[in-house]
There are 2 protein chains.
Amino acid sequence: MKVGPDIAPIAALVGDPARASMLSVLSNGRALTATELAQEGGVTIQTASSHLSKLVAGNLLVVNKQGRHRYYRLKGPEVAAMLESLMGLAADAGHMRVRTGPKDPALRRARVCYDHLAGDLSVDLFDRLVTRKILRLSKTDNGADDSVMLSGKGRAYFADLGIDLEALAGKRRPLCKACLDWSVRRNHLAGGLGAALLNHFYERKLARREPESRIVTLSARGEKKLAAMIAGQD
Amino acid sequence: MKVGPDIAPIAALVGDPARASMLSVLSNGRALTATELAQEGGVTIQTASSHLSKLVAGNLLVVNKQGRHRYYRLKGPEVAAMLESLMGLAADAGHMRVRTGPKDPALRRARVCYDHLAGDLSVDLFDRLVTRKILRLSKTDNGADDSVMLSGKGRAYFADLGIDLEALAGKRRPLCKACLDWSVRRNHLAGGLGAALLNHFYERKLARREPESRIVTLSARGEKKLAAMIAGQD
DNA sequence: TTCATAGTTCGATCATAACCGAAGCATCGA
DNA sequence: TCGATGCTTCGGTTATGATCGAACTATGAA
């Protein structure tokens with residue numbers, strides 16, 4: 001029969017509604033306390049405590065003890081990617097937690113996916129960067145994990161933006177990665193470069209993150225800048 | 001306020017050990033029958049039937065009915081990608097499975113499928129006939145039921161072999177049909193033409209059927225002939 | 001036709017795990 | 001030292017859903 005990883009225990013962890021809510025709210029890459037996560041999951045703090053222990057034991061979360069608070073966050077980008085792929089399938093199957101609330105369009109347009117930008121704008125940008133040959137894309141057989149590389153032209157492009165590629169190359173994390181977007185079901189840019197790009201927007205006050213949410217709000221200048229990047233007029 | 005896709009139902013589907021095993025073995029993109037998947041999951045066929053219904057309802061699998069068999073396969077590459085990301089995390093957390101099992105090589109190579117040839121050789125032949133435009137294949141959206149037609153070139157090809165296409169066309173049975181192969185999970189040629197082709201091999205003593213078995217044994221001449229057909233040198 | 005095989009549906013059993021109350025532990029501020 | 005807060009652990013209840021036997025439908029084989 002089979003040799004390989006046993007996905008059932010991990011999936012079962014995500015399969016509980018309370019835990020799934022906790023993981024969803026943590027997929028913006030931030031850290032939250034046990035009490036906050038209990039409220040998010042709609043359970044008492046005792047129950048939440050049990051859930052959180054299991055998530056830590058299952059290598060999905062890490063905990064950071066600060067005084068009498070315990071801050072939980074996703075263990076890494078791989079966890080966020082797994083959650084995103086589940087969100088895509090859930091949206092496909094019509095499983096929604098809230099039917100198109102007012103925040104929903106904003107969430108679809110621009111949101112944080114762990115530590116990089118996701119949503120319509122991010123997907124459009126990714127497509128454009130590929131057609132401009134700033135990113136080089138190589139498809140795999142099953143179309144699942146596309147590998148992304150930065151071209152020579154791309155290096156100049158991001159250096160012009162003021163992003164330190166040398167520093168990023170030194171990290172263990174891959175520079176470029178394609179991440180499947182749940183709302184559009186197309187790729188956006190992840191990896192160190194994706195994170196650096198979002199950080200670039202934060203630093204220059206082109207974008208800010210809404211508190212307690214995954215929504216990213218662009219300033220007027222930010223809108224203009226991103227539109228120019230997508231149009232290829234920068 | 002909670003906004004976005006609800007990942008819990010999907011993850012819970014994957015979270016059951018029996019279903020997870022089924023999904024894992026299907027993640028090579030091939031199709032398996034309900035009975036095979038039951039064995040894979042280590043449950044009875046009744047239980048497997050229940051699991052498979054849920055997986056289809058949850059948009060993770062699609063089912064392809066062929067005779068009294070039901071072939072289940074992953075709905076799409078997004079499902080495979082989700083499973084892949086889960087496998088990465090599972091391996092990370094040290095969750096592994098181990099088991100092994102054998103199968104009959106002769107049966108895999110060439111066997112009877114109802115009244116036509118199946119197995120590795122037959123699948124290879126089918127592929128070759130398509131690339132040589134002897135058969136014309138039109139894929140459907142989901143890739144499930146492929147329809148096959150005989151081209152003009154194909155009519156000449158089979159007429160040269162001495163197969164009476166006029167007689168076959170008179171029958172109610174469809175001339176060409178794609179049949180999903182049990183061992184390779186790819187298509188081979190079925191229908192009246194598939195049956196006629198196997199019969200052609202029987203008549204010319206190129207092949208004979210083993211008693212009490214589905215195994216088809218090729219004579220030396222038969223091996224040569226079939227190899228030539230697959231190589232396109234006939 | 002009759003038999004065999006593939007698969008589904010129903011019903012009952014049973015095990016797991018989610019849940020919360022209560023109690024306990026740890027940290028902070030005063 | 002004390003009380004307040006953040007969180008964990010324990011124990012008992014409960015509900016969900018996985019499981020399989022038996023009966024049923026559908027298709028193929030003879």
# chains A, B, ... in the order shown; residues from 1 in each chain; ligands from 1

call {"tool": "closest_atom_pairs", "arguments": {"of": "chain B", "to": "chain A", "cutoff": "10 Å", "atoms": "only C-alpha atoms", "output": "Markdown table"}}
result
| residue | atom | partner | partner_atom | distance |
| --- | --- | --- | --- | --- |
| B:Met1 | CA | A:Val98 | CA | 8.4 |
| B:Lys2 | CA | A:Arg97 | CA | 6.4 |
| B:Val3 | CA | A:Val98 | CA | 5.4 |
| B:Gly4 | CA | A:Met96 | CA | 6.0 |
| B:Pro5 | CA | A:Met96 | CA | 4.3 |
| B:Asp6 | CA | A:Met96 | CA | 5.0 |
| B:Ile7 | CA | A:Ala90 | CA | 5.6 |
| B:Ala8 | CA | A:Gly15 | CA | 4.4 |
| B:Pro9 | CA | A:Gly15 | CA | 6.3 |
| B:Ile10 | CA | A:Ala90 | CA | 6.2 |
| B:Ala11 | CA | A:Gly15 | CA | 4.4 |
| B:Ala12 | CA | A:Gly15 | CA | 3.8 |
| B:Leu13 | CA | A:Gly15 | CA | 7.5 |
| B:Val14 | CA | A:Ala11 | CA | 5.7 |
| B:Gly15 | CA | A:Ala12 | CA | 3.8 |
| B:Asp16 | CA | A:Ala8 | CA | 5.8 |
| B:Pro17 | CA | A:Ala8 | CA | 5.2 |
| B:Ala18 | CA | A:Ala8 | CA | 8.4 |
| B:Arg19 | CA | A:Ala8 | CA | 8.1 |
| B:Ala20 | CA | A:Ala8 | CA | 5.4 |
| B:Ser21 | CA | A:Asp6 | CA | 7.8 |
| B:Leu23 | CA | A:Ile7 | CA | 9.5 |
| B:Ser24 | CA | A:Ile7 | CA | 8.1 |
| B:Val25 | CA | A:Lys2 | CA | 7.5 |
| B:Asn28 | CA | A:Asn142 | CA | 9.2 |
| B:Gly29 | CA | A:Asn142 | CA | 8.4 |
| B:Gln39 | CA | A:Met1 | CA | 9.1 |
| B:Glu40 | CA | A:Met1 | CA | 6.8 |
| B:Gly41 | CA | A:Met1 | CA | 9.7 |
| B:Ala57 | CA | A:Ala93 | CA | 8.6 |
| B:Gly58 | CA | A:Ala93 | CA | 6.4 |
| B:Asn59 | CA | A:Ala93 | CA | 5.9 |
| B:Leu60 | CA | A:Leu89 | CA | 8.0 |
| B:Gly76 | CA | A:Asn142 | CA | 9.0 |
| B:Pro77 | CA | A:Ala144 | CA | 5.9 |
| B:Glu78 | CA | A:Ala144 | CA | 6.6 |
| B:Val79 | CA | A:Leu89 | CA | 7.3 |
| B:Ala80 | CA | A:Ala144 | CA | 7.1 |
| B:Ala81 | CA | A:Ala144 | CA | 5.1 |
| B:Met82 | CA | A:Ser85 | CA | 5.3 |
| B:Leu83 | CA | A:Ile7 | CA | 7.7 |
| B:Glu84 | CA | A:Ala144 | CA | 8.7 |
| B:Ser85 | CA | A:Met82 | CA | 5.3 |
| B:Leu86 | CA | A:Ile7 | CA | 5.8 |
| B:Met87 | CA | A:Pro5 | CA | 5.4 |
| B:Gly88 | CA | A:Pro5 | CA | 7.7 |
| B:Leu89 | CA | A:Val79 | CA | 7.3 |
| B:Ala90 | CA | A:Ile7 | CA | 5.5 |
| B:Ala91 | CA | A:Pro5 | CA | 5.2 |
| B:Asp92 | CA | A:Asn59 | CA | 7.8 |
| B:Ala93 | CA | A:Asn59 | CA | 6.0 |
| B:Gly94 | CA | A:Pro5 | CA | 7.9 |
| B:His95 | CA | A:Asp6 | CA | 5.3 |
| B:Met96 | CA | A:Pro5 | CA | 4.4 |
| B:Arg97 | CA | A:Val3 | CA | 5.5 |
| B:Val98 | CA | A:Val3 | CA | 4.6 |
| B:Arg99 | CA | A:Lys2 | CA | 5.3 |
| B:Thr100 | CA | A:Met1 | CA | 4.8 |
| B:Gly101 | CA | A:Met1 | CA | 5.5 |
| B:Pro102 | CA | A:Met1 | CA | 8.6 |

call {"tool": "write_last_selection", "arguments": {"atoms": "C-alpha atoms", "output": "PDB file, in the first residue's frame"}}
result
ATOM      1  CA  MET B   1     -16.921  39.603  12.521  1.00  0.00           C
ATOM      2  CA  LYS B   2     -15.992  36.442  10.746  1.00  0.00           C
ATOM      3  CA  VAL B   3     -15.542  36.834   7.031  1.00  0.00           C
ATOM      4  CA  GLY B   4     -14.188  34.483   4.432  1.00  0.00           C
ATOM      5  CA  PRO B   5     -14.310  30.813   3.538  1.00  0.00           C
ATOM      6  CA  ASP B   6     -14.974  28.249   6.235  1.00  0.00           C
ATOM      7  CA  ILE B   7     -12.139  25.781   6.041  1.00  0.00           C
ATOM      8  CA  ALA B   8     -13.346  23.480   8.811  1.00  0.00           C
ATOM      9  CA  PRO B   9     -15.732  21.270   6.765  1.00  0.00           C
ATOM     10  CA  ILE B  10     -13.127  20.647   4.080  1.00  0.00           C
ATOM     11  CA  ALA B  11     -10.347  19.970   6.560  1.00  0.00           C
ATOM     12  CA  ALA B  12     -12.623  17.655   8.540  1.00  0.00           C
ATOM     13  CA  LEU B  13     -13.172  15.637   5.382  1.00  0.00           C
ATOM     14  CA  VAL B  14      -9.439  15.143   5.052  1.00  0.00           C
ATOM     15  CA  GLY B  15      -9.054  14.634   8.776  1.00  0.00           C
ATOM     16  CA  ASP B  16     -10.527  11.149   8.898  1.00  0.00           C
ATOM     17  CA  PRO B  17      -7.804   8.462   8.613  1.00  0.00           C
ATOM     18  CA  ALA B  18      -9.688   6.335   6.096  1.00  0.00           C
ATOM     19  CA  ARG B  19     -10.506   9.303   3.867  1.00  0.00           C
ATOM     20  CA  ALA B  20      -6.986  10.659   4.195  1.00  0.00           C
ATOM     21  CA  SER B  21      -5.557   7.369   2.960  1.00  0.00           C
ATOM     22  CA  LEU B  23      -7.011  10.944  -0.912  1.00  0.00           C
ATOM     23  CA  SER B  24      -3.300  10.229  -0.539  1.00  0.00           C
ATOM     24  CA  VAL B  25      -3.370   7.323  -2.926  1.00  0.00           C
ATOM     25  CA  ASN B  28      -1.071  10.780  -8.207  1.00  0.00           C
ATOM     26  CA  GLY B  29      -4.013  11.933 -10.324  1.00  0.00           C
ATOM     27  CA  GLN B  39      -8.916  -1.604   0.921  1.00  0.00           C
ATOM     28  CA  GLU B  40      -6.581   1.346   0.818  1.00  0.00           C
ATOM     29  CA  GLY B  41      -8.453   3.010   3.655  1.00  0.00           C
ATOM     30  CA  ALA B  57     -20.289  16.091  -1.989  1.00  0.00           C
ATOM     31  CA  GLY B  58     -17.408  18.119  -0.587  1.00  0.00           C
ATOM     32  CA  ASN B  59     -16.015  18.775  -4.060  1.00  0.00           C
ATOM     33  CA  LEU B  60     -12.781  16.929  -3.402  1.00  0.00           C
ATOM     34  CA  GLY B  76      -8.579  19.012  -9.739  1.00  0.00           C
ATOM     35  CA  PRO B  77      -5.012  20.168  -9.241  1.00  0.00           C
ATOM     36  CA  GLU B  78      -6.095  22.496  -6.427  1.00  0.00           C
ATOM     37  CA  VAL B  79      -7.066  19.459  -4.377  1.00  0.00           C
ATOM     38  CA  ALA B  80      -3.704  17.861  -5.095  1.00  0.00           C
ATOM     39  CA  ALA B  81      -1.966  21.072  -4.092  1.00  0.00           C
ATOM     40  CA  MET B  82      -3.864  21.174  -0.809  1.00  0.00           C
ATOM     41  CA  LEU B  83      -2.931  17.566  -0.085  1.00  0.00           C
ATOM     42  CA  GLU B  84       0.646  18.310  -0.988  1.00  0.00           C
ATOM     43  CA  SER B  85       0.845  21.185   1.477  1.00  0.00           C
ATOM     44  CA  LEU B  86      -0.658  18.979   4.169  1.00  0.00           C
ATOM     45  CA  MET B  87       1.907  16.275   3.438  1.00  0.00           C
ATOM     46  CA  GLY B  88       4.678  18.776   3.915  1.00  0.00           C
ATOM     47  CA  LEU B  89       3.372  19.766   7.323  1.00  0.00           C
ATOM     48  CA  ALA B  90       2.707  16.153   8.288  1.00  0.00           C
ATOM     49  CA  ALA B  91       6.253  15.147   7.400  1.00  0.00           C
ATOM     50  CA  ASP B  92       7.439  18.127   9.399  1.00  0.00           C
ATOM     51  CA  ALA B  93       5.503  16.957  12.426  1.00  0.00           C
ATOM     52  CA  GLY B  94       6.834  13.429  12.052  1.00  0.00           C
ATOM     53  CA  HIS B  95       3.571  11.792  11.036  1.00  0.00           C
ATOM     54  CA  MET B  96       4.427   8.900   8.713  1.00  0.00           C
ATOM     55  CA  ARG B  97       2.803   5.730   7.441  1.00  0.00           C
ATOM     56  CA  VAL B  98       4.453   2.527   6.278  1.00  0.00           C
ATOM     57  CA  ARG B  99       3.134  -0.538   4.449  1.00  0.00           C
ATOM     58  CA  THR B 100       3.869  -2.479   1.256  1.00  0.00           C
ATOM     59  CA  GLY B 101       2.154  -4.891  -1.130  1.00  0.00           C
ATOM     60  CA  PRO B 102       2.761  -6.806  -4.427  1.00  0.00           C
TER      61      PRO B 102
END

call {"tool": "calpha_fit_rmsd", "arguments": {"fixed": "chain A", "moving": "chain B"}}
result
9.6 Å

call {"tool": "select_by_dssp", "arguments": {"residues": "segment 56-89 of chain B", "states": "helix (DSSP H, G or I)", "output": "PyMOL selection string"}}
result
chain B and resi 56-57+77-89

call {"tool": "interface_residues", "arguments": {"of": "chain D", "to": "chain A", "cutoff": "8 Å", "atoms": "only C-alpha atoms (C1' of nucleotides)", "output": "PDB file with all heavy atoms, in the first residue's frame"}}
result
ATOM      1  P    DG D   6      -6.942  39.501  31.684  1.00  0.00           P
ATOM      2  OP1  DG D   6      -6.597  40.517  30.684  1.00  0.00           O
ATOM      3  OP2  DG D   6      -8.325  39.008  31.828  1.00  0.00           O
ATOM      4  O5'  DG D   6      -6.000  38.244  31.460  1.00  0.00           O
ATOM      5  C5'  DG D   6      -4.596  38.437  31.342  1.00  0.00           C
ATOM      6  C4'  DG D   6      -3.919  37.094  31.164  1.00  0.00           C
ATOM      7  O4'  DG D   6      -3.981  36.373  32.420  1.00  0.00           O
ATOM      8  C3'  DG D   6      -4.588  36.194  30.123  1.00  0.00           C
ATOM      9  O3'  DG D   6      -3.596  35.649  29.273  1.00  0.00           O
ATOM     10  C2'  DG D   6      -5.277  35.114  30.946  1.00  0.00           C
ATOM     11  C1'  DG D   6      -4.407  35.060  32.184  1.00  0.00           C
ATOM     12  N9   DG D   6      -5.093  34.603  33.383  1.00  0.00           N
ATOM     13  C8   DG D   6      -6.327  34.996  33.835  1.00  0.00           C
ATOM     14  N7   DG D   6      -6.685  34.412  34.947  1.00  0.00           N
ATOM     15  C5   DG D   6      -5.615  33.577  35.255  1.00  0.00           C
ATOM     16  C6   DG D   6      -5.430  32.686  36.338  1.00  0.00           C
ATOM     17  O6   DG D   6      -6.191  32.465  37.286  1.00  0.00           O
ATOM     18  N1   DG D   6      -4.203  32.033  36.257  1.00  0.00           N
ATOM     19  C2   DG D   6      -3.276  32.210  35.261  1.00  0.00           C
ATOM     20  N2   DG D   6      -2.154  31.487  35.343  1.00  0.00           N
ATOM     21  N3   DG D   6      -3.446  33.033  34.226  1.00  0.00           N
ATOM     22  C4   DG D   6      -4.625  33.685  34.292  1.00  0.00           C
ATOM     23  P    DC D   7      -4.045  34.790  27.994  1.00  0.00           P
ATOM     24  OP1  DC D   7      -2.950  34.927  27.009  1.00  0.00           O
ATOM     25  OP2  DC D   7      -5.432  35.126  27.657  1.00  0.00           O
ATOM     26  O5'  DC D   7      -3.985  33.317  28.567  1.00  0.00           O
ATOM     27  C5'  DC D   7      -2.748  32.843  29.115  1.00  0.00           C
ATOM     28  C4'  DC D   7      -2.977  31.583  29.901  1.00  0.00           C
ATOM     29  O4'  DC D   7      -3.834  31.821  31.035  1.00  0.00           O
ATOM     30  C3'  DC D   7      -3.628  30.421  29.161  1.00  0.00           C
ATOM     31  O3'  DC D   7      -2.625  29.508  28.758  1.00  0.00           O
ATOM     32  C2'  DC D   7      -4.608  29.826  30.178  1.00  0.00           C
ATOM     33  C1'  DC D   7      -4.258  30.558  31.471  1.00  0.00           C
ATOM     34  N1   DC D   7      -5.388  30.701  32.413  1.00  0.00           N
ATOM     35  C2   DC D   7      -5.381  29.961  33.588  1.00  0.00           C
ATOM     36  O2   DC D   7      -4.431  29.208  33.818  1.00  0.00           O
ATOM     37  N3   DC D   7      -6.421  30.071  34.451  1.00  0.00           N
ATOM     38  C4   DC D   7      -7.439  30.891  34.174  1.00  0.00           C
ATOM     39  N4   DC D   7      -8.444  30.981  35.058  1.00  0.00           N
ATOM     40  C5   DC D   7      -7.473  31.670  32.970  1.00  0.00           C
ATOM     41  C6   DC D   7      -6.436  31.542  32.122  1.00  0.00           C
ATOM     42  P    DT D   8      -2.993  28.080  28.169  1.00  0.00           P
ATOM     43  OP1  DT D   8      -1.865  27.668  27.328  1.00  0.00           O
ATOM     44  OP2  DT D   8      -4.352  28.141  27.620  1.00  0.00           O
ATOM     45  O5'  DT D   8      -3.019  27.141  29.457  1.00  0.00           O
ATOM     46  C5'  DT D   8      -1.886  27.070  30.306  1.00  0.00           C
ATOM     47  C4'  DT D   8      -2.094  25.994  31.366  1.00  0.00           C
ATOM     48  O4'  DT D   8      -3.154  26.396  32.270  1.00  0.00           O
ATOM     49  C3'  DT D   8      -2.480  24.620  30.835  1.00  0.00           C
ATOM     50  O3'  DT D   8      -1.696  23.637  31.492  1.00  0.00           O
ATOM     51  C2'  DT D   8      -3.964  24.491  31.190  1.00  0.00           C
ATOM     52  C1'  DT D   8      -4.062  25.336  32.442  1.00  0.00           C
ATOM     53  N1   DT D   8      -5.397  25.951  32.671  1.00  0.00           N
ATOM     54  C2   DT D   8      -6.077  25.660  33.835  1.00  0.00           C
ATOM     55  O2   DT D   8      -5.652  24.920  34.704  1.00  0.00           O
ATOM     56  N3   DT D   8      -7.285  26.297  33.959  1.00  0.00           N
ATOM     57  C4   DT D   8      -7.871  27.155  33.048  1.00  0.00           C
ATOM     58  O4   DT D   8      -8.970  27.656  33.266  1.00  0.00           O
ATOM     59  C5   DT D   8      -7.113  27.394  31.850  1.00  0.00           C
ATOM     60  C7   DT D   8      -7.658  28.316  30.798  1.00  0.00           C
ATOM     61  C6   DT D   8      -5.921  26.793  31.718  1.00  0.00           C
TER      62       DT D   8
END

call {"tool": "closest_residue", "arguments": {"among": "C:DA15, C:DC10, C:DC3, C:DT27", "to": "chain A", "atoms": "only C-alpha atoms (C1' of nucleotides)"}}
result
C:DT27

call {"tool": "residues_around", "arguments": {"residues": "Met229 of chain B", "least_positions_apart": "6", "cutoff": "12 Å", "atoms": "only C-alpha atoms (C1' of nucleotides)", "output": "tab-separated table (two decimals) with all heavy atoms, in the first residue's frame"}}
result
chain	number	residue	atom	x	y	z
B	121	LEU	N	0.62	-2.40	-22.24
B	121	LEU	CA	0.80	-2.41	-23.69
B	121	LEU	C	-0.37	-1.73	-24.39
B	121	LEU	O	-0.18	-0.94	-25.32
B	121	LEU	CB	0.94	-3.85	-24.19
B	121	LEU	CG	2.22	-4.57	-23.77
B	121	LEU	CD1	2.20	-6.01	-24.27
B	121	LEU	CD2	3.44	-3.83	-24.31
B	122	SER	N	-1.56	-2.02	-23.93
B	122	SER	CA	-2.76	-1.48	-24.55
B	122	SER	C	-2.86	0.03	-24.37
B	122	SER	O	-3.28	0.75	-25.27
B	122	SER	CB	-3.99	-2.17	-23.97
B	122	SER	OG	-5.15	-1.73	-24.60
B	124	ASP	N	-0.25	2.04	-23.93
B	124	ASP	CA	0.78	2.61	-24.79
B	124	ASP	C	0.29	2.69	-26.24
B	124	ASP	O	0.49	3.69	-26.93
B	124	ASP	CB	2.06	1.77	-24.72
B	124	ASP	CG	2.76	1.93	-23.38
B	124	ASP	OD1	2.43	2.89	-22.65
B	124	ASP	OD2	3.63	1.10	-23.07
B	125	LEU	N	-0.35	1.60	-26.67
B	125	LEU	CA	-0.87	1.57	-28.03
B	125	LEU	C	-1.88	2.68	-28.25
B	125	LEU	O	-1.86	3.38	-29.26
B	125	LEU	CB	-1.51	0.20	-28.31
B	125	LEU	CG	-2.17	0.06	-29.68
B	125	LEU	CD1	-1.16	0.23	-30.80
B	125	LEU	CD2	-2.89	-1.28	-29.80
B	126	PHE	N	-2.78	2.83	-27.30
B	126	PHE	CA	-3.82	3.85	-27.40
B	126	PHE	C	-3.19	5.24	-27.55
B	126	PHE	O	-3.56	6.01	-28.44
B	126	PHE	CB	-4.72	3.80	-26.17
B	126	PHE	CG	-5.87	4.76	-26.22
B	126	PHE	CD1	-7.02	4.43	-26.92
B	126	PHE	CD2	-5.80	5.97	-25.57
B	126	PHE	CE1	-8.09	5.31	-26.97
B	126	PHE	CE2	-6.87	6.86	-25.61
B	126	PHE	CZ	-8.01	6.53	-26.31
B	127	ASP	N	-2.24	5.54	-26.70
B	127	ASP	CA	-1.56	6.83	-26.77
B	127	ASP	C	-0.96	7.06	-28.16
B	127	ASP	O	-1.08	8.14	-28.74
B	127	ASP	CB	-0.43	6.90	-25.73
B	127	ASP	CG	-0.98	7.17	-24.33
B	127	ASP	OD1	-2.19	7.41	-24.21
B	127	ASP	OD2	-0.19	7.12	-23.37
B	128	ARG	N	-0.32	6.00	-28.65
B	128	ARG	CA	0.35	6.11	-29.93
B	128	ARG	C	-0.65	6.34	-31.06
B	128	ARG	O	-0.41	7.14	-31.97
B	128	ARG	CB	1.15	4.82	-30.19
B	128	ARG	CG	2.03	4.87	-31.40
B	128	ARG	CD	3.13	5.90	-31.19
B	128	ARG	NE	3.91	6.09	-32.40
B	128	ARG	CZ	5.02	6.80	-32.46
B	128	ARG	NH1	5.47	7.39	-31.37
B	128	ARG	NH2	5.67	6.94	-33.59
B	129	LEU	N	-1.76	5.64	-31.02
B	129	LEU	CA	-2.77	5.79	-32.07
B	129	LEU	C	-3.34	7.21	-32.06
B	129	LEU	O	-3.72	7.73	-33.11
B	129	LEU	CB	-3.90	4.77	-31.86
B	129	LEU	CG	-3.50	3.30	-32.10
B	129	LEU	CD1	-4.68	2.37	-31.83
B	129	LEU	CD2	-2.96	3.08	-33.52
B	132	ARG	N	-0.63	9.56	-33.54
B	132	ARG	CA	-0.52	9.34	-34.99
B	132	ARG	C	-1.79	9.79	-35.71
B	132	ARG	O	-1.92	9.61	-36.91
B	132	ARG	CB	-0.26	7.86	-35.29
B	132	ARG	CG	1.12	7.40	-34.88
B	132	ARG	CD	1.26	5.91	-35.05
B	132	ARG	NE	1.37	5.49	-36.44
B	132	ARG	CZ	1.40	4.23	-36.84
B	132	ARG	NH1	1.33	3.25	-35.93
B	132	ARG	NH2	1.50	3.93	-38.11
B	134	ILE	N	-4.59	8.48	-35.75
B	134	ILE	CA	-5.44	7.38	-36.21
B	134	ILE	C	-6.74	7.42	-35.41
B	134	ILE	O	-7.82	7.20	-35.95
B	134	ILE	CB	-4.68	6.05	-36.04
B	134	ILE	CG1	-3.59	5.96	-37.10
B	134	ILE	CG2	-5.64	4.86	-36.12
B	134	ILE	CD1	-2.60	4.84	-36.88
B	157	TYR	N	-6.02	2.55	-41.81
B	157	TYR	CA	-5.10	1.78	-40.99
B	157	TYR	C	-5.71	0.45	-40.56
B	157	TYR	O	-5.11	-0.62	-40.71
B	157	TYR	CB	-4.72	2.62	-39.76
B	157	TYR	CG	-3.78	1.94	-38.78
B	157	TYR	CD1	-2.40	1.95	-39.00
B	157	TYR	CD2	-4.27	1.30	-37.65
B	157	TYR	CE1	-1.54	1.34	-38.11
B	157	TYR	CE2	-3.41	0.70	-36.75
B	157	TYR	CZ	-2.05	0.71	-36.99
B	157	TYR	OH	-1.21	0.12	-36.11
B	158	PHE	N	-6.93	0.50	-40.05
B	158	PHE	CA	-7.56	-0.73	-39.56
B	158	PHE	C	-8.04	-1.61	-40.71
B	158	PHE	O	-8.09	-2.84	-40.59
B	158	PHE	CB	-8.70	-0.40	-38.60
B	158	PHE	CG	-8.21	0.02	-37.24
B	158	PHE	CD1	-8.22	1.36	-36.87
B	158	PHE	CD2	-7.71	-0.91	-36.35
B	158	PHE	CE1	-7.75	1.74	-35.63
B	158	PHE	CE2	-7.24	-0.53	-35.12
B	158	PHE	CZ	-7.26	0.81	-34.74
B	161	LEU	N	-5.32	-3.78	-41.71
B	161	LEU	CA	-5.14	-4.90	-40.79
B	161	LEU	C	-6.09	-6.05	-41.11
B	161	LEU	O	-5.95	-7.14	-40.58
B	161	LEU	CB	-5.36	-4.44	-39.34
B	161	LEU	CG	-4.21	-3.72	-38.65
B	161	LEU	CD1	-4.62	-3.31	-37.25
B	161	LEU	CD2	-2.97	-4.60	-38.61
B	197	LEU	N	-9.95	-5.67	-32.59
B	197	LEU	CA	-8.49	-5.68	-32.60
B	197	LEU	C	-7.95	-6.87	-31.80
B	197	LEU	O	-7.04	-7.58	-32.25
B	197	LEU	CB	-7.96	-4.37	-32.02
B	197	LEU	CG	-6.44	-4.18	-32.09
B	197	LEU	CD1	-5.96	-4.22	-33.53
B	197	LEU	CD2	-6.03	-2.87	-31.43
B	222	GLY	N	3.53	-12.05	-32.04
B	222	GLY	CA	2.60	-11.07	-31.46
B	222	GLY	C	3.33	-9.92	-30.77
B	222	GLY	O	2.98	-8.75	-30.93
B	223	GLU	N	4.36	-10.27	-30.00
B	223	GLU	CA	5.17	-9.25	-29.34
B	223	GLU	C	5.74	-8.28	-30.35
B	223	GLU	O	5.70	-7.06	-30.17
B	223	GLU	CB	6.34	-9.92	-28.57
B	223	GLU	CG	5.93	-10.70	-27.34
B	223	GLU	CD	5.70	-9.80	-26.12
B	223	GLU	OE1	5.85	-8.57	-26.24
B	223	GLU	OE2	5.37	-10.35	-25.05

call {"tool": "closest_atom_pairs", "arguments": {"of": "chain C", "to": "chain A", "cutoff": "12 Å", "atoms": "only C-alpha atoms (C1' of nucleotides)", "output": "tab-separated table"}}
result
residue	atom	partner	partner_atom	distance
C:DA17	C1'	A:Asp16	CA	10.2
C:DA18	C1'	A:Thr47	CA	8.0
C:DC19	C1'	A:Thr47	CA	6.7
C:DC20	C1'	A:Thr44	CA	7.4
C:DG21	C1'	A:Gln46	CA	9.9
C:DA22	C1'	A:Gln46	CA	11.1
C:DC25	C1'	A:Arg68	CA	11.3
C:DA26	C1'	A:Arg68	CA	7.1
C:DT27	C1'	A:Arg68	CA	5.0
C:DC28	C1'	A:Arg68	CA	7.6

call {"tool": "write_last_selection", "arguments": {"atoms": "C-alpha atoms (C1' of nucleotides)", "output": "short mmCIF file (atom, residue, chain, number, x, y, z; two decimals), in the first residue's frame"}}
result
data_model
loop_
_atom_site.label_atom_id
_atom_site.label_comp_id
_atom_site.auth_asym_id
_atom_site.auth_seq_id
_atom_site.Cartn_x
_atom_site.Cartn_y
_atom_site.Cartn_z
"C1'" DA C 17 -13.32 14.29 21.41
"C1'" DA C 18 -15.52 18.72 22.16
"C1'" DC C 19 -17.38 21.08 25.83
"C1'" DC C 20 -17.71 23.51 30.28
"C1'" DG C 21 -17.60 23.90 35.61
"C1'" DA C 22 -14.47 23.93 39.14
"C1'" DC C 25 -1.05 27.61 38.89
"C1'" DA C 26 1.46 31.78 37.41
"C1'" DT C 27 2.20 36.58 36.87
"C1'" DC C 28 1.32 41.44 37.67
#

call {"tool": "select_by_dssp", "arguments": {"residues": "segment 11-228 of chain A", "states": "strand (DSSP E or B)", "output": "count of residues only"}}
result
44

call {"tool": "residues_around", "arguments": {"residues": "segment 11-14 of chain C", "least_positions_apart": "5", "cutoff": "12 Å", "atoms": "only C-alpha atoms (C1' of nucleotides)", "output": "JSON, numbers by chain"}}
result
{"D": [16, 17, 18, 19, 20, 21, 22, 23]}

call {"tool": "residues_around", "arguments": {"residues": "Leu175 of chain B", "least_positions_apart": "3", "cutoff": "10 Å", "atoms": "only C-alpha atoms (C1' of nucleotides)", "output": "ChimeraX atom specification"}}
result
/B:148-150,165,168-172,189-196

call {"tool": "atom_distance", "arguments": {"atom1": "atom CA of Leu55 of chain B", "atom2": "atom CA of Gly119 of chain A"}}
result
27.8 Å
